[in-house]
Amino acid sequence: MKKLGLLNTLLLSLLVLSPFSAVSAERPKAETSKRSEMPQPMERFSYNSVEAIRKHYADMKLFKQNLEADAKARGEELPEMKTKLALGFLEAYLQYVSVRAYPNDQVDWTAYLRALKHQDQMTEMVTAANPMWQFVGPRGLAVPYRTYFGQGNISGRVNAIAHHPTNNSTYFIGAPQGGVMKTTDGGVTWTSLSQSWSMQQVGSIAVHPTNPNIIYVGTGDFQGWMRPYSNGVMKTTDGGTTWVSLGAAQFGNRCVSDILIDPENTNVITVTTGFGPYQGLAGQIWRSTNGGTSWSLVNNAANVVWSDLTMGIASGNTRYYYAVGHSGNKDVWRSSDRGATWTKLTTPLSASNQNALRIAASKVNANTVYLVSCADQNIWRSQDAGATWVSIKGTMPDPGWYQGWYDLTMAVSSRILSGNPVDVIYLGIVDLVQYDGATWRNINNGFTSSALIHIDIHSMAVNPNNANELLFGTDGGVYRVTYTPSPHSVTYTSLNNVLGITQFYWGDWPTSDLNWMLGGAQDNSTPTARGNLSSWANVGGGDGGYCAINPLNQNIQYATSQGLGVYRTTNGWSSSNSISPSLGSDRVPFIATIAINPANPNFLYAGTNYLWRWNESTQSWSARLGGQQLSASGTVLSIAAAPSDANRIYTGSTNGELWMSTNGGTSWTQINTGSPSLPNRAITSLKVHPTDPNRLYATMGGTGTGHLYLCVNTTAGTRVWTNLNGSGATALPDVHTNTVELDPLNPSQLIYVGNDIGVFYTKNGGATWSNGTDTNGLPRVQVNTLKAPTGTTYLNAATYGRGMWRIRLPFAPLAGDVDRNGCVNDLDLLRIVFRFGQTGSLPEDLNGDNIVNDLDFLEVLFNFGTGC
């Protein structure tokens with residue numbers, strides 16, 4: 001996941017394999033020092049447990065330290081890139097889960113299912129007057145540098161890929177929160193087929209082999225675990241215009257990891273499931289004989305999280321199916337009756353926790369199948385349908401074995417070798433390797449300055465009409481590769497120019513320029529638009545994070561990378577420099593928060609378990625403002641300074657603490673207590689009223705409580721925290737909430753909230769809420785940042801899965817109501833008069849023609865008195 005390196009060469013010294021040796025028993029481990037043994041991976045069922053993730057992270061960190069110490073004792077230097085990659089993934093995932101679980105050990109993912117149903121009830125009546133969300137990017141997103149990121153444009157993680165059976169220019173891809181995208185021109189343009197779905201996470205896709213209008217999509221982010229629930233299988237029979245959900249109840253809302261359509265009887269559908277919202281449940285294999293209308297449970301082996309399906313070529317009436325799953329029971333199964341019954345195979349897998357398995361059948365021999373295990377760091381071939389196995393690993397370049405529990409995929413095509421057809425194997429983990437029937441080679445070199453595509457390979461698909469053409473899905477998007485068997489060359493084409501599936505952690509926008517944007521992205525650094533929304537640059541490195549734009553000078557901007565690396569520019573990223581603070585023993589989040597003081601933009605704040613301040617004037621950091629440290633294991637999650645008082649600062653934490661300073665950080669008062677107090681949840685965002693430094697809004701993480709609170713006087717002896725969640729059908733959904741924004745014209749009544757399922761708004765200060773997501777054209781996606789710059793009429797959104805969007809305010813306009821207070825009166829007329837003749841994105845430009853003129857004046861006159 002992180003672009004910081006591999007453990008691979010180190011692990012090869014720990015586990016030694018005999019190349020091309022026949023396997024008749026479990027492979028013994030090489031003799032190693034206990035202190036340098038790779039920690040066992042987590043059980044799949046522990047991936048939702050904060051404590052289990054934290055323990056595994058501690059084990060991996062100790063492992064890294066021991067490797068470094070052993071290398072030092074040998075007089076060698078161990079590059080940090082050799083160990084930091086796996087730690088980075090665990091840190092990111094731990095942070096994601098812990099803020100949603102706090103104060104509990106596990107996230108209540110079933111609350112998300114209830115929240116989506118609640119969102120359905122909130123659907124608003126949309127008229128022609130209602131504005132719609134517009135996708136604004138990234139488009140044409142450049143790589144920040146070639147190592148790890150490859151060449152060409154990048155976008156976001158791709159979990160699933162499928163080809164059209166006959167049209168070589170039509171593909172389908174599935175993203176973790178980006179739904180299904182389709183191209184009909186070989187990746188030049190993409191169209192969303194899932195805009196109206198209640199959930200956007202996709203793990204698998206299968207296209208009917210003779211009727212491409214029939215498509216099956218397995219929902220749930222099986223590969224990334226960050227959305228371990230699903231809506232079953234989504235099916236369309238009209239090419240994606242309409243969809244129906246199949247099997248969700250039978251599957252227990254588990255993620256659908258793979259789908260097979262039988263070529264001889266296309267009504268026979270087989271799916272594997274695993275990793276769902278209900279704790280302690282494994283997956284199952286299900287089969288339908290009527291195109292998904294009904295399902296039969298055909299494999300209910302205990303404690304298996306099924307990860308992969310494959311089918312061999314037919315031999316007479318026989319076509320073998322194979323399935324593998326994560327478990328400690330060596331679960332590799334075969335069906336010889338098109339998935340109706342299953343037999344467990346004897347394999348060379350070790351007895352360790354097999355948390356990363358894939359299987360792929362031969363394209364040239366009905367009895368040949370390939371099995372890969374990341375726990376065993378090996379790949380085997382069986383030529384008798386799984387009865388016996390032989391290792392074919394040989395001198396394979398290391399693809400990044402240790403991270404197969406996040407990215408692992410395998411595909412088989414074919415070529416002619418010495419006059420005979422042979423299989424060509426592609427294996428993607430962190431990097432990408434190929435076996436051409438005789439030799440293994442690295443065909444990406446992702447950890448060098450010659451990298452061809454973005455590392456972290458999640459999905460592959462062979463063109464059914466051209467065995468030498470494949471599609472690869474990575475953390476950076478989708479690529480087409482053409483393989484030339486002689487002289488063994490590959491060419492890649494990035495298909496990500498307008499593929500809008502970037503996962504933003506955070507975003508920022510300048511005060512008045514509509515075409516400048518900045519956002520930190522998962523595994524794709526920090527994309528930025530600098531006046532041209534069709535061509536985005538990329539700054540920083542690694543995982544991007546929080547970012548900030550100076551409200552008085554948009555050329556001064558800040559970006560971050562994991563671990564609070566901070567980058568600064570004073571010329572809009574024509575050049576930049578690192579200003580990362582030396583944090584010493586501070587607790588530093590993987591994605592750390594930064595924020596600018598709007599009343600004194602020379603001050604930039606950064607959060608650890610303390611608050612730090614950068615002074616743009618002196619070019620220096622002030623450490624640990626006031627010496628105020630968060631308790632327990634908490635870190636700063638949200639920072640806000642008052643626009644009307646440069647000395648008023650607020651911080652919210654991962655462990656529910658809210659602190660206030662009235663003197664610029666010299667001293668602090670804890671203010672999450674009161675009558676009533678704030679609930680004990682992570683405080684995910686804070687917003688101060690533009691003219692009242694005592695009026696503070698706070699959003700809450702997790703579930704089981706209100707998610708927006710207001711204190712009208714934070715300096716009171718007994719603070720009163722009012723729940724603005726609303727009630728009944730018009731309440732905010734009970735789901736983790738990420739961001740709050742106040743309307744620039746009516747900040748006390750018009751409030752916008754972004755949470756893990758979309759955008760919601762209130763017109764009456766929180767008494768009732770409306771859904772502003774799919775009703776206004778935004779897919780139901782996690783929204784991490786909302787901002788309404790004071791010099792524009794737009795609300796901007798940074799999403800975690802569908803890039804950046806914006807909508808012209810207000811959501812539900814009242815004709816002629818310039819100041820959005822619900823009454824068309826003389827104040828609205830005066831605003832028109834004072835701005836008459838001005839151009840740009842102005843609230844007085846009621847008809848959106850980019851100029852305030854007599855047409856806007858007449859709109860106020862014709863509606864004068866409405867709502868008053």
# chains A, B, ... in the order shown; residues from 1 in each chain; ligands from 1
call {"tool": "residues_around", "arguments": {"residues": "stretch 244-249 of chain A", "least_positions_apart": "2", "cutoff": "12 Å", "atoms": "only C-alpha atoms", "output": "mmCIF file with N, CA and C atoms, in the first residue's frame"}}
result
data_model
loop_
_atom_site.group_PDB
_atom_site.id
_atom_site.type_symbol
_atom_site.label_atom_id
_atom_site.label_comp_id
_atom_site.auth_asym_id
_atom_site.auth_seq_id
_atom_site.Cartn_x
_atom_site.Cartn_y
_atom_site.Cartn_z
ATOM 1 N N LEU A 113 -25.794 -0.606 7.586
ATOM 2 C CA LEU A 113 -26.940 -1.131 6.837
ATOM 3 C C LEU A 113 -28.216 -0.410 7.244
ATOM 4 N N SER A 194 -23.272 2.640 -11.624
ATOM 5 C CA SER A 194 -23.795 2.335 -10.286
ATOM 6 C C SER A 194 -24.162 3.579 -9.492
ATOM 7 N N SER A 196 -26.773 5.075 -8.839
ATOM 8 C CA SER A 196 -27.974 5.038 -8.011
ATOM 9 C C SER A 196 -27.934 3.959 -6.933
ATOM 10 N N TRP A 197 -26.854 3.197 -6.837
ATOM 11 C CA TRP A 197 -26.789 2.126 -5.851
ATOM 12 C C TRP A 197 -26.730 2.678 -4.430
ATOM 13 N N SER A 198 -27.238 1.902 -3.495
ATOM 14 C CA SER A 198 -27.211 2.330 -2.092
ATOM 15 C C SER A 198 -25.823 2.194 -1.491
ATOM 16 N N MET A 199 -24.974 1.363 -2.069
ATOM 17 C CA MET A 199 -23.594 1.263 -1.618
ATOM 18 C C MET A 199 -22.700 1.057 -2.833
ATOM 19 N N ILE A 214 -25.967 -8.630 -19.771
ATOM 20 C CA ILE A 214 -26.160 -9.259 -18.460
ATOM 21 C C ILE A 214 -24.823 -9.216 -17.717
ATOM 22 N N ILE A 215 -24.820 -8.523 -16.611
ATOM 23 C CA ILE A 215 -23.604 -8.342 -15.815
ATOM 24 C C ILE A 215 -23.948 -8.641 -14.356
ATOM 25 N N TYR A 216 -23.059 -9.351 -13.692
ATOM 26 C CA TYR A 216 -23.185 -9.629 -12.258
ATOM 27 C C TYR A 216 -22.042 -8.920 -11.529
ATOM 28 N N VAL A 217 -22.368 -8.219 -10.466
ATOM 29 C CA VAL A 217 -21.365 -7.481 -9.705
ATOM 30 C C VAL A 217 -21.441 -7.907 -8.244
ATOM 31 N N GLY A 218 -20.323 -8.384 -7.713
ATOM 32 C CA GLY A 218 -20.245 -8.728 -6.292
ATOM 33 C C GLY A 218 -19.893 -7.497 -5.486
ATOM 34 N N THR A 219 -20.744 -7.145 -4.530
ATOM 35 C CA THR A 219 -20.529 -5.926 -3.755
ATOM 36 C C THR A 219 -19.797 -6.239 -2.449
ATOM 37 N N GLY A 220 -19.236 -5.183 -1.851
ATOM 38 C CA GLY A 220 -18.426 -5.295 -0.652
ATOM 39 C C GLY A 220 -16.950 -5.152 -0.991
ATOM 40 N N TYR A 229 -19.276 -5.123 4.257
ATOM 41 C CA TYR A 229 -20.685 -5.482 4.140
ATOM 42 C C TYR A 229 -21.081 -5.280 2.683
ATOM 43 N N SER A 230 -22.188 -5.889 2.294
ATOM 44 C CA SER A 230 -22.530 -5.833 0.876
ATOM 45 C C SER A 230 -24.033 -5.827 0.677
ATOM 46 N N ASN A 231 -24.402 -5.619 -0.571
ATOM 47 C CA ASN A 231 -25.785 -5.727 -1.018
ATOM 48 C C ASN A 231 -25.932 -6.955 -1.908
ATOM 49 N N GLY A 232 -25.111 -7.990 -1.611
ATOM 50 C CA GLY A 232 -25.167 -9.213 -2.389
ATOM 51 C C GLY A 232 -24.612 -9.021 -3.780
ATOM 52 N N VAL A 233 -25.264 -9.652 -4.747
ATOM 53 C CA VAL A 233 -24.884 -9.530 -6.154
ATOM 54 C C VAL A 233 -25.855 -8.571 -6.837
ATOM 55 N N MET A 234 -25.306 -7.567 -7.491
ATOM 56 C CA MET A 234 -26.115 -6.672 -8.308
ATOM 57 C C MET A 234 -26.121 -7.204 -9.741
ATOM 58 N N LYS A 235 -27.327 -7.293 -10.319
ATOM 59 C CA LYS A 235 -27.453 -7.838 -11.669
ATOM 60 C C LYS A 235 -28.197 -6.866 -12.572
ATOM 61 N N THR A 236 -27.684 -6.731 -13.788
ATOM 62 C CA THR A 236 -28.388 -5.969 -14.815
ATOM 63 C C THR A 236 -28.599 -6.855 -16.030
ATOM 64 N N THR A 237 -29.712 -6.652 -16.707
ATOM 65 C CA THR A 237 -29.979 -7.352 -17.967
ATOM 66 C C THR A 237 -30.082 -6.385 -19.136
ATOM 67 N N ASP A 238 -29.821 -5.095 -18.872
ATOM 68 C CA ASP A 238 -29.916 -4.084 -19.927
ATOM 69 C C ASP A 238 -28.633 -3.248 -20.019
ATOM 70 N N GLY A 240 -26.665 -2.166 -17.683
ATOM 71 C CA GLY A 240 -26.353 -1.276 -16.578
ATOM 72 C C GLY A 240 -27.326 -0.149 -16.366
ATOM 73 N N THR A 241 -28.392 -0.101 -17.161
ATOM 74 C CA THR A 241 -29.394 0.959 -16.967
ATOM 75 C C THR A 241 -30.177 0.723 -15.687
ATOM 76 N N THR A 242 -30.578 -0.512 -15.453
ATOM 77 C CA THR A 242 -31.308 -0.861 -14.229
ATOM 78 C C THR A 242 -30.625 -2.063 -13.585
ATOM 79 N N PHE A 251 -26.739 -14.314 1.819
ATOM 80 C CA PHE A 251 -25.302 -14.212 2.043
ATOM 81 C C PHE A 251 -24.972 -13.532 3.377
ATOM 82 N N GLY A 252 -25.967 -13.069 4.096
ATOM 83 C CA GLY A 252 -25.714 -12.374 5.349
ATOM 84 C C GLY A 252 -24.983 -11.068 5.157
ATOM 85 N N ASN A 253 -25.207 -10.419 4.021
ATOM 86 C CA ASN A 253 -24.554 -9.153 3.679
ATOM 87 C C ASN A 253 -23.034 -9.276 3.667
ATOM 88 N N ARG A 254 -22.521 -10.492 3.504
ATOM 89 C CA ARG A 254 -21.073 -10.666 3.384
ATOM 90 C C ARG A 254 -20.589 -10.145 2.029
ATOM 91 N N CYS A 255 -19.313 -9.794 1.991
ATOM 92 C CA CYS A 255 -18.707 -9.385 0.733
ATOM 93 C C CYS A 255 -18.707 -10.547 -0.255
ATOM 94 N N VAL A 256 -18.966 -10.234 -1.511
ATOM 95 C CA VAL A 256 -18.938 -11.233 -2.578
ATOM 96 C C VAL A 256 -17.584 -11.113 -3.262
ATOM 97 N N ILE A 269 -24.783 -19.810 -11.776
ATOM 98 C CA ILE A 269 -23.913 -18.776 -11.217
ATOM 99 C C ILE A 269 -23.373 -19.282 -9.886
ATOM 100 N N THR A 270 -22.065 -19.191 -9.691
ATOM 101 C CA THR A 270 -21.440 -19.584 -8.434
ATOM 102 C C THR A 270 -20.711 -18.390 -7.848
ATOM 103 N N VAL A 271 -20.886 -18.156 -6.546
ATOM 104 C CA VAL A 271 -20.236 -17.022 -5.899
ATOM 105 C C VAL A 271 -19.571 -17.480 -4.605
ATOM 106 N N THR A 272 -18.482 -16.815 -4.269
ATOM 107 C CA THR A 272 -17.831 -16.991 -2.972
ATOM 108 C C THR A 272 -18.044 -15.737 -2.138
ATOM 109 N N THR A 273 -18.205 -15.927 -0.832
ATOM 110 C CA THR A 273 -18.435 -14.801 0.072
ATOM 111 C C THR A 273 -17.511 -14.914 1.284
ATOM 112 N N GLY A 276 -18.002 -10.307 6.579
ATOM 113 C CA GLY A 276 -19.237 -9.546 6.590
ATOM 114 C C GLY A 276 -19.388 -8.679 7.823
ATOM 115 N N PRO A 277 -20.540 -8.056 7.968
ATOM 116 C CA PRO A 277 -20.755 -7.097 9.053
ATOM 117 C C PRO A 277 -21.053 -7.736 10.402
ATOM 118 N N ILE A 285 -19.938 -20.731 -0.042
ATOM 119 C CA ILE A 285 -20.063 -20.788 -1.493
ATOM 120 C C ILE A 285 -21.533 -21.033 -1.812
ATOM 121 N N TRP A 286 -22.069 -20.204 -2.699
ATOM 122 C CA TRP A 286 -23.481 -20.273 -3.083
ATOM 123 C C TRP A 286 -23.583 -20.514 -4.589
ATOM 124 N N ARG A 287 -24.699 -21.133 -4.980
ATOM 125 C CA ARG A 287 -24.908 -21.473 -6.391
ATOM 126 C C ARG A 287 -26.360 -21.204 -6.772
ATOM 127 N N SER A 288 -26.525 -20.656 -7.961
ATOM 128 C CA SER A 288 -27.858 -20.431 -8.515
ATOM 129 C C SER A 288 -27.960 -21.145 -9.853
ATOM 130 N N ASN A 290 -30.719 -20.390 -11.800
ATOM 131 C CA ASN A 290 -31.693 -19.581 -12.540
ATOM 132 C C ASN A 290 -31.252 -18.120 -12.628
ATOM 133 N N GLY A 291 -29.949 -17.920 -12.822
ATOM 134 C CA GLY A 291 -29.446 -16.566 -13.023
ATOM 135 C C GLY A 291 -29.509 -15.687 -11.806
ATOM 136 N N GLY A 292 -29.527 -16.279 -10.615
ATOM 137 C CA GLY A 292 -29.489 -15.493 -9.388
ATOM 138 C C GLY A 292 -30.826 -15.255 -8.732
ATOM 139 N N THR A 293 -31.907 -15.759 -9.332
ATOM 140 C CA THR A 293 -33.228 -15.565 -8.723
ATOM 141 C C THR A 293 -33.299 -16.244 -7.364
ATOM 142 N N SER A 294 -32.748 -17.438 -7.274
ATOM 143 C CA SER A 294 -32.685 -18.152 -6.002
ATOM 144 C C SER A 294 -31.303 -18.770 -5.859
ATOM 145 N N TRP A 295 -30.931 -19.107 -4.614
ATOM 146 C CA TRP A 295 -29.583 -19.572 -4.330
ATOM 147 C C TRP A 295 -29.613 -20.799 -3.443
ATOM 148 N N SER A 296 -28.616 -21.676 -3.643
ATOM 149 C CA SER A 296 -28.428 -22.848 -2.789
ATOM 150 C C SER A 296 -27.042 -22.777 -2.165
ATOM 151 N N LEU A 297 -26.970 -23.097 -0.882
ATOM 152 C CA LEU A 297 -25.697 -23.143 -0.183
ATOM 153 C C LEU A 297 -25.004 -24.461 -0.540
#
call {"tool": "residues_around", "arguments": {"residues": "A:Thr593", "least_positions_apart": "2", "cutoff": "12 Å", "atoms": "only C-alpha atoms", "output": "MDAnalysis selection string"}}
result
chainID A and resid 505:507 520 544:548 558:566 588:591 595:596 604:613 635:640 651:654 684:686
call {"tool": "atom_distance", "arguments": {"atom1": "atom CA of A:Tyr148", "atom2": "atom CA of A:Ala451"}}
result
6.3 Å
call {"tool": "select_by_dssp", "arguments": {"residues": "stretch 506-684 of chain A", "states": "strand (DSSP E or B)", "output": "MDAnalysis selection string"}}
result
chainID A and resid 506:508 516:521 525:530 537:539 543:549 557:561 565:569 577:578 594:596 603:607 611:615 620:622 636:642 645:653 658:661 669:670 683:684
call {"tool": "residues_around", "arguments": {"residues": "A:Phe172", "least_positions_apart": "5", "cutoff": "7 Å", "atoms": "only C-alpha atoms", "output": "list of chain:residue names"}}
result
A:Ile161, A:Ala162, A:His163, A:Val180, A:Met181, A:Lys182, A:Thr183
call {"tool": "residues_around", "arguments": {"residues": "stretch 775-786 of chain A", "least_positions_apart": "4", "cutoff": "8 Å", "atoms": "only C-alpha atoms", "output": "NGL selection string"}}
result
:A and (123-126 or 130-134 or 177-178 or 195-200 or 504-508 or 738-741 or 752-759 or 771 or 795-802 or 805)
call {"tool": "residues_around", "arguments": {"residues": "A:Ala115", "least_positions_apart": "6", "cutoff": "10 Å", "atoms": "only C-alpha atoms", "output": "PyMOL selection string"}}
result
chain A and resi 109+121+703+732-736+756-757
